[in-house]
Amino acid sequence: MGLSWQQGPLDGGAVGRFLTPEPLPERLLYAERLRRRMRVQYAGEWIADSEDVILLHEPGRYPVAYFPLADVRADVLTEAPRQTRHKDLGTTTWYTVGTTDRAAWQHVDLPAYADELAGRVAFAWRAMDAFYEEDDRILGHAADQYHRIDIRNTSRRLEVRVGGRVVASTERPVVLYESGFAPRWYVPRSDIVDGALKAVEGQTFCPYKGMASYYDIEGAERAAWSYEDAYDEVGRVRDLVSFEADKVEVFLDGVQQHLEPGQQVRPHGIDRDITDGKH
């Protein structure tokens with residue numbers, strides 16, 4: 001979730017609400033010093049290295065890291081002729097990095113209330129080779145400090161069916177609670193019918209769990225996924241399998257589950273060829 005997307009408090013579709021007598025502004029931006037060392041790699045070289053990154057939370061967007069220009073290599077940025085205008089932050093100047101157009105940007109006409117972004121530049125995540133916090137690579141987008149994951153064991157009975165046929169049945173599922181998302185239920189592979197899962201190409205990323213692999217189930221495309229090499233922080237779901245309730249039938253204690261708000265993740269597409277999420 002995070003503060004400003006996937007039903008977070010500052011997102012337009014927030015799952016909760018602020019208990020205030022007056023409505024909040026339609027759009028709220030939030031900026032906060034990251035208090036972590038972040039580095040950017042491009043063409044195999046380090047082009048930015050800072051312990052003074054500002055993370056900007058904007059409604060409906062992933063968090064964006066802004067680096068002081070003093071912490072960006074001096075020969076990296078080439079100003080592009082085109083400018084755009086941000087609805088809240090004014091004129092935006094774009095930069096070419098190496099041979100990549102529109103690879104970085106700076107807000108050059110900031111309103112007074114956003115002056116902490118003055119003299120800072122942000123890099124387009126997919127245009128760079130990689131972003132790191134210290135020596136660990138961060139996948140997908142900047143990690144949100146307010147994102148939380150809790151994993152719990154349970155003895156509830158979970159059953160998965162396709163066309164009336166049981167393909168998974170367990171009394172030891174693991175439930176993963178993630179900020180802004182409805183609960184996700186994970187099943188040990190030993191409780192899944194042999195041959196039911198057909199691995200498919202194309203992984204997606206999660207900055208908090210790692211790379212997700214996907215499976216077809218009897219014609220239901222990408223109906224299940226697994227973090228086969230989940231990060232140590234969420235190791236309890238490593239190599240377990242979760243199922244999409246809108247593609248197969250998922251029953252919990254005999255009650256069929258349906259998509260809840262927060263289970264339909266905003267699509268971001270298949271990620272680049274990332275083979276090593278940590279280093």
# chains A, B, ... in the order shown; residues from 1 in each chain; ligands from 1
>>> select_by_dssp(residues="region 126-163 of chain A", states="strand (DSSP E or B)", output="ChimeraX atom specification")
/A:130-133,136-138,149-153,158-162
>>> residues_around(residues="Trp105 (chain A)", least_positions_apart="4", cutoff="6 Å", atoms="only C-alpha atoms", output="list of chain:residue names")
A:Thr93, A:Trp94, A:Tyr95, A:Val121, A:Ala122
>>> write_last_selection(atoms="C-alpha atoms", output="JSON list (two decimals), in the first residue's frame")
[["chain", "number", "residue", "atom", "x", "y", "z"],
["A", 93, "THR", "CA", 12.54, 20.22, -16.49],
["A", 94, "TRP", "CA", 13.54, 16.87, -17.99],
["A", 95, "TYR", "CA", 17.03, 15.44, -18.42],
["A", 121, "VAL", "CA", 16.31, 15.60, -9.05],
["A", 122, "ALA", "CA", 14.41, 12.33, -9.42]]
>>> select_by_dssp(residues="region 122-275 of chain A", states="helix (DSSP H, G or I)", output="PyMOL selection string")
chain A and resi 125-127+189-191+232-237
>>> closest_residue(among="A:Asp129, A:Asp11, A:Glu45, A:Glu249", to="Ala220 (chain A)", atoms="only C-alpha atoms")
A:Glu249
>>> residues_around(residues="Asp52 (chain A)", least_positions_apart="6", cutoff="9 Å", atoms="only C-alpha atoms", output="PyMOL selection string")
chain A and resi 33-38+66-68+71
>>> atom_distance(atom1="CA of Ser169 (chain A)", atom2="CA of Glu221 (chain A)")
20.1 Å
>>> atom_distance(atom1="CA of Gly219 (chain A)", atom2="CA of Val248 (chain A)")
10.1 Å
>>> residues_around(residues="Asp101 (chain A)", least_positions_apart="6", cutoff="12 Å", atoms="only C-alpha atoms", output="PyMOL selection string")
chain A and resi 77-82+94-95+123-124+126-128
>>> write_last_selection(atoms="C-alpha atoms", output="PDB file, in the first residue's frame")
ATOM      1  CA  LEU A  77      22.481  15.149 -16.516  1.00  0.00           C
ATOM      2  CA  THR A  78      21.893  16.769 -19.886  1.00  0.00           C
ATOM      3  CA  GLU A  79      18.958  19.165 -19.898  1.00  0.00           C
ATOM      4  CA  ALA A  80      16.340  18.318 -22.515  1.00  0.00           C
ATOM      5  CA  PRO A  81      14.550  21.082 -24.466  1.00  0.00           C
ATOM      6  CA  ARG A  82      11.087  19.959 -23.398  1.00  0.00           C
ATOM      7  CA  TRP A  94      13.535  16.869 -17.986  1.00  0.00           C
ATOM      8  CA  TYR A  95      17.029  15.439 -18.421  1.00  0.00           C
ATOM      9  CA  PHE A 123      15.403   9.447 -11.696  1.00  0.00           C
ATOM     10  CA  ALA A 124      12.936   7.382 -13.737  1.00  0.00           C
ATOM     11  CA  ARG A 126      12.916   1.833 -15.152  1.00  0.00           C
ATOM     12  CA  ALA A 127      15.456   3.986 -17.018  1.00  0.00           C
ATOM     13  CA  MET A 128      18.177   3.180 -14.481  1.00  0.00           C
TER      14      MET A 128
END
>>> closest_residue(among="A:Ala142, A:Val64, A:Ile149, A:Ala43", to="Tyr177 (chain A)", atoms="only C-alpha atoms")
A:Ile149
>>> closest_residue(among="A:Ser155, A:Gln145, A:Ser190, A:Thr96", to="Pro207 (chain A)", atoms="only C-alpha atoms")
A:Gln145
>>> decode(residues="region 186-197 of chain A", atoms="all heavy atoms", output="tab-separated table (two decimals), in the first residue's frame")
chain	number	residue	atom	x	y	z
A	186	TYR	N	-1.87	-18.28	1.70
A	186	TYR	CA	-0.82	-19.05	1.05
A	186	TYR	C	-0.90	-20.51	1.49
A	186	TYR	O	-1.17	-20.82	2.66
A	186	TYR	CB	0.55	-18.48	1.40
A	186	TYR	CG	0.87	-17.21	0.65
A	186	TYR	CD1	0.34	-15.98	1.05
A	186	TYR	CD2	1.70	-17.22	-0.48
A	186	TYR	CE1	0.64	-14.81	0.35
A	186	TYR	CE2	2.00	-16.06	-1.18
A	186	TYR	CZ	1.46	-14.86	-0.75
A	186	TYR	OH	1.75	-13.71	-1.44
A	187	VAL	N	-0.62	-21.42	0.54
A	187	VAL	CA	-0.79	-22.86	0.74
A	187	VAL	C	0.55	-23.57	0.52
A	187	VAL	O	1.25	-23.28	-0.45
A	187	VAL	CB	-1.83	-23.40	-0.27
A	187	VAL	CG1	-1.96	-24.91	-0.16
A	187	VAL	CG2	-3.18	-22.72	-0.06
A	188	PRO	N	0.91	-24.51	1.40
A	188	PRO	CA	2.13	-25.30	1.15
A	188	PRO	C	1.99	-26.12	-0.14
A	188	PRO	O	0.90	-26.62	-0.46
A	188	PRO	CB	2.20	-26.23	2.37
A	188	PRO	CG	1.36	-25.57	3.41
A	188	PRO	CD	0.27	-24.86	2.68
A	189	ARG	N	3.06	-26.26	-0.87
A	189	ARG	CA	3.01	-27.00	-2.13
A	189	ARG	C	2.61	-28.47	-1.93
A	189	ARG	O	1.99	-29.07	-2.82
A	189	ARG	CB	4.35	-26.92	-2.84
A	189	ARG	CG	4.63	-25.54	-3.43
A	189	ARG	CD	5.95	-25.50	-4.17
A	189	ARG	NE	6.24	-24.15	-4.66
A	189	ARG	CZ	5.93	-23.71	-5.87
A	189	ARG	NH1	5.34	-24.52	-6.74
A	189	ARG	NH2	6.22	-22.48	-6.24
A	190	SER	N	2.95	-29.03	-0.78
A	190	SER	CA	2.58	-30.43	-0.54
A	190	SER	C	1.08	-30.63	-0.41
A	190	SER	O	0.60	-31.77	-0.47
A	190	SER	CB	3.29	-30.94	0.73
A	190	SER	OG	2.94	-30.14	1.85
A	191	ASP	N	0.32	-29.55	-0.24
A	191	ASP	CA	-1.14	-29.64	-0.15
A	191	ASP	C	-1.82	-29.25	-1.46
A	191	ASP	O	-3.03	-29.01	-1.51
A	191	ASP	CB	-1.65	-28.74	0.98
A	191	ASP	CG	-1.23	-29.26	2.35
A	191	ASP	OD1	-0.97	-30.46	2.47
A	191	ASP	OD2	-1.17	-28.44	3.29
A	192	ILE	N	-1.04	-29.21	-2.54
A	192	ILE	CA	-1.56	-28.91	-3.88
A	192	ILE	C	-1.42	-30.17	-4.73
A	192	ILE	O	-0.42	-30.89	-4.65
A	192	ILE	CB	-0.77	-27.74	-4.53
A	192	ILE	CG1	-0.89	-26.49	-3.65
A	192	ILE	CG2	-1.30	-27.46	-5.93
A	192	ILE	CD1	0.00	-25.33	-4.11
A	193	VAL	N	-2.44	-30.48	-5.50
A	193	VAL	CA	-2.44	-31.68	-6.34
A	193	VAL	C	-1.25	-31.64	-7.30
A	193	VAL	O	-0.99	-30.61	-7.95
A	193	VAL	CB	-3.77	-31.79	-7.12
A	193	VAL	CG1	-3.71	-32.93	-8.14
A	193	VAL	CG2	-4.93	-31.99	-6.17
A	194	ASP	N	-0.54	-32.72	-7.38
A	194	ASP	CA	0.62	-32.81	-8.27
A	194	ASP	C	0.20	-32.48	-9.70
A	194	ASP	O	-0.80	-33.00	-10.21
A	194	ASP	CB	1.23	-34.21	-8.23
A	194	ASP	CG	1.98	-34.49	-6.93
A	194	ASP	OD1	2.29	-33.52	-6.22
A	194	ASP	OD2	2.25	-35.68	-6.65
A	195	GLY	N	0.98	-31.65	-10.35
A	195	GLY	CA	0.73	-31.31	-11.74
A	195	GLY	C	-0.33	-30.26	-11.97
A	195	GLY	O	-0.59	-29.88	-13.12
A	196	ALA	N	-0.94	-29.74	-10.89
A	196	ALA	CA	-2.01	-28.75	-11.06
A	196	ALA	C	-1.46	-27.40	-11.52
A	196	ALA	O	-2.16	-26.66	-12.22
A	196	ALA	CB	-2.78	-28.58	-9.76
A	197	LEU	N	-0.25	-27.08	-11.13
A	197	LEU	CA	0.32	-25.78	-11.46
A	197	LEU	C	1.22	-25.88	-12.68
A	197	LEU	O	2.10	-26.73	-12.75
A	197	LEU	CB	1.16	-25.25	-10.28
A	197	LEU	CG	0.45	-25.11	-8.93
A	197	LEU	CD1	1.44	-24.61	-7.88
A	197	LEU	CD2	-0.74	-24.17	-9.03
